[in-house]
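Asks: First, the structure itself, so that you have it in front of you.
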Amino acid sequence: MEKRLKNIGLLCFWTAFLIELVIVMVDKSAYTNPYESQFFRLTFVLFCIKAATTKYSAKEWGCILLFGVVAVTSYFVNHRDEAVRAAVFVIACKDVDLRKMLRVILAVTLAGGVVLFLLSAAGVFGVFALTTDFGRERVETRYCFGMGHPNAFQTMLLMMSTVYIYLNAKALKPFHLVLTGAASIAAYIFTNSNTGLLVMLAVIAGAALLGYAEPLRRGRAVYILGAVLLLLIVLFSAYGAHVGADTPFMYRLDAILNGRFRIAYRVEAARIENWTLFGHPDNAEYFDQGFIRLFYWYGIIPGAAYILANLYLIWQAYKAEDYCLLVIVVGYAVLSIMEAHLISVYLLRNYLLVWLGYYWYRPFRGRQEPEAYFWQPKRLLGKG
């Protein structure tokens, strides 16, 4: 019976996982999916089934309850369901193979990108290149290869490249780094997307440094530095939400960032003095500064929970000597200064949720504890 339940749960999990990945690629295309919300409900139910067919210990239930309350409260206040969906997804990831999830992500995303490229190149569907003023005060032609915007293509390439590097981290060779770097530079020639290229080169440099400097990756210092850098990025984003581009320093910096802070500051509710604990249903505007969008959409408490989750991943990276995860967490934080790719309604645009799904229950495995399904709480108390 238990094996059958486990198999049912895994079938539901992988079905929902694949649907979420396809939804991401459809969003990147020129097609508008009229059934998107229905698919979100379907994947939510499937992830719930996986969670219901998974055993959790009392401490794991305590963790589930704590973050579940935050997610559910967020939903009832701001009417956005992403926090609840993300929480259920992370919970459902227990006992699912991390590397398998990442390999599936890489395969499906790569396949989807190739399809969009071919369709747009053939003129069948989607735009292959755009000629317009991209906010740089000049008209230019930049290639998006069917993904709607050049930055979208370069960012998706960045995300795939980080997964590729992670999957090869245990036997990292110069070939892996050269391949990802060459792919990013080749794409940049056509997209002219500075953000994606610079973040990718930084990730490659960080992975090379820690991959080949064993004493450095085994020590605490680099992980502490990563955590500090993450917090500084968040604090800097909060400062930008307070002043916009109204100081000489921020004005010059924001000119380099193509107006990321200036555009966010135009939205009055996105200014730090107007942030609320759980956001507001009217907070629905889109802009590219990721951390400001995080607190604007979901509020201070869910935003802080997300930052703590990032810090938790860095801590787990230190404990597991998972140096590549450290580089990716910090790299994604740098990306979020300029792009809000990770903060969206699409769960599997944010791969940090996958790593969080793998690591969230690790601290509770130090000692054998009784486990039970959601409908068997008496077993945890030794009564079943």
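By convention in this document, the chains of the structure tokens carry letters A, B, ... by their order, each chain's residues are numbered from 1, and ligands are numbered from 1 in the order they are shown.
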So which residues touch stretch 16-32 of chain A within 7 Å, counting only C-alpha atoms, skipping near sequence neighbours fewer than 6 positions away, as number ranges by chain?
Replies: A: 43, 46-47, 108-109, 112, 116, 126, 146-148, 346, 348-349
Asks: What does the file look like for those residues with N, CA and C atoms, as a CSV table (one decimal), in the first residue's frame?
Replies:
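Result file out-v4.csv:
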```csv
chain,number,residue,atom,x,y,z
A,43,THR,N,-1.9,21.9,-11.4
A,43,THR,CA,-0.6,21.6,-10.8
A,43,THR,C,-0.6,21.7,-9.3
A,46,LEU,N,-2.1,18.6,-8.0
A,46,LEU,CA,-1.2,17.4,-8.2
A,46,LEU,C,0.0,17.5,-7.2
A,47,PHE,N,0.5,18.7,-6.9
A,47,PHE,CA,1.5,18.8,-5.9
A,47,PHE,C,1.0,18.5,-4.5
A,108,VAL,N,13.8,20.1,-20.9
A,108,VAL,CA,12.5,20.7,-21.4
A,108,VAL,C,12.7,22.2,-21.8
A,109,THR,N,13.5,22.9,-21.0
A,109,THR,CA,13.7,24.3,-21.4
A,109,THR,C,14.5,24.5,-22.6
A,112,GLY,N,12.2,23.5,-25.5
A,112,GLY,CA,11.3,24.6,-25.8
A,112,GLY,C,12.0,25.8,-26.5
A,116,LEU,N,11.0,27.3,-30.2
A,116,LEU,CA,10.7,28.8,-30.4
A,116,LEU,C,11.6,29.4,-31.4
A,126,GLY,N,5.9,33.8,-33.8
A,126,GLY,CA,6.9,34.5,-33.0
A,126,GLY,C,7.8,35.5,-33.8
A,146,GLY,N,12.3,34.4,-30.8
A,146,GLY,CA,11.0,33.8,-30.5
A,146,GLY,C,10.5,34.0,-29.1
A,147,MET,N,11.3,34.7,-28.2
A,147,MET,CA,11.0,34.8,-26.8
A,147,MET,C,10.5,36.2,-26.4
A,148,GLY,N,10.1,37.0,-27.4
A,148,GLY,CA,9.5,38.3,-27.1
A,148,GLY,C,10.4,39.4,-26.8
A,346,TYR,N,5.1,32.3,-12.3
A,346,TYR,CA,5.5,31.0,-12.8
A,346,TYR,C,6.6,30.4,-11.8
A,348,LEU,N,8.4,27.6,-11.9
A,348,LEU,CA,9.7,27.1,-12.4
A,348,LEU,C,10.5,28.1,-13.2
A,349,ARG,N,10.2,29.4,-13.1
A,349,ARG,CA,11.2,30.4,-13.5
A,349,ARG,C,12.2,30.6,-12.4
```
Asks: As an NGL selection string, please: the residues near A:Leu201 (cut-off 10 Å, only C-alpha atoms, same-chain neighbours under 4 positions excluded).
Replies: :A and (158 or 177 or 180-182 or 184-185 or 196-197 or 205-207 or 331)
Asks: Taking 6 positions as the minimum chain separation for residues in the same chain, which residues sit within 10 Å of A:Arg218 when counting only C-alpha atoms? Answer as a PDB file with N, CA and C atoms, in the first residue's frame.
Replies:
```
ATOM      1  N   LEU A 210      35.953  28.777  -6.888  1.00  0.00           N
ATOM      2  CA  LEU A 210      35.664  27.840  -5.801  1.00  0.00           C
ATOM      3  C   LEU A 210      35.874  26.394  -6.232  1.00  0.00           C
ATOM      4  N   TYR A 318      27.055  25.616   2.605  1.00  0.00           N
ATOM      5  CA  TYR A 318      28.259  25.517   3.442  1.00  0.00           C
ATOM      6  C   TYR A 318      28.362  24.138   4.087  1.00  0.00           C
ATOM      7  N   LYS A 319      27.259  23.654   4.637  1.00  0.00           N
ATOM      8  CA  LYS A 319      27.282  22.358   5.316  1.00  0.00           C
ATOM      9  C   LYS A 319      27.581  21.223   4.342  1.00  0.00           C
ATOM     10  N   ALA A 320      27.071  21.314   3.131  1.00  0.00           N
ATOM     11  CA  ALA A 320      27.247  20.244   2.150  1.00  0.00           C
ATOM     12  C   ALA A 320      28.439  20.488   1.228  1.00  0.00           C
ATOM     13  N   GLU A 321      29.164  21.590   1.465  1.00  0.00           N
ATOM     14  CA  GLU A 321      30.246  22.012   0.566  1.00  0.00           C
ATOM     15  C   GLU A 321      29.735  22.107  -0.864  1.00  0.00           C
ATOM     16  N   ASP A 322      28.523  22.620  -0.987  1.00  0.00           N
ATOM     17  CA  ASP A 322      27.862  22.771  -2.286  1.00  0.00           C
ATOM     18  C   ASP A 322      28.168  24.178  -2.802  1.00  0.00           C
ATOM     19  N   TYR A 323      29.439  24.388  -3.156  1.00  0.00           N
ATOM     20  CA  TYR A 323      29.912  25.726  -3.508  1.00  0.00           C
ATOM     21  C   TYR A 323      29.177  26.294  -4.716  1.00  0.00           C
TER      22      TYR A 323
END
```
Asks: In Å, rounded to a single decimal, give me how far atom CA of A:Asn274 is from atom CA of A:Leu231.
Replies: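 Answer for the atom CA of A:Leu231 to atom CA of A:Asn274 separation: 20.8 Å.
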Asks: Report as a ChimeraX atom specification: the residues of stretch 110-265 of chain A with a DSSP assignment of strand (DSSP E), based on the backbone of this structure.
Replies: /A:129-133,139-143
Asks: Pull C-alpha atoms from the residues just selected and write them as a PDB file, in the first residue's frame.
Replies:
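In the end it all went to selection.pdb:
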```
ATOM      1  CA  ALA A 129      14.264  40.125 -34.068  1.00  0.00           C
ATOM      2  CA  LEU A 130      13.038  43.512 -32.881  1.00  0.00           C
ATOM      3  CA  THR A 131      14.006  46.936 -34.227  1.00  0.00           C
ATOM      4  CA  THR A 132      13.088  49.691 -31.800  1.00  0.00           C
ATOM      5  CA  ASP A 133      14.394  51.992 -29.077  1.00  0.00           C
ATOM      6  CA  VAL A 139      16.942  52.625 -32.494  1.00  0.00           C
ATOM      7  CA  GLU A 140      18.646  49.249 -32.781  1.00  0.00           C
ATOM      8  CA  THR A 141      17.965  45.718 -33.943  1.00  0.00           C
ATOM      9  CA  ARG A 142      18.271  43.040 -31.293  1.00  0.00           C
ATOM     10  CA  TYR A 143      17.382  39.367 -31.605  1.00  0.00           C
TER      11      TYR A 143
END
```
Asks: Looking only at the backbone, which of the residues in stretch 83-230 of chain A does DSSP tag as helix (DSSP H, G or I), as a ChimeraX atom specification?
Replies: /A:83-92,98-121,150-167,169-171,174-191,194-212,214-218,221-230
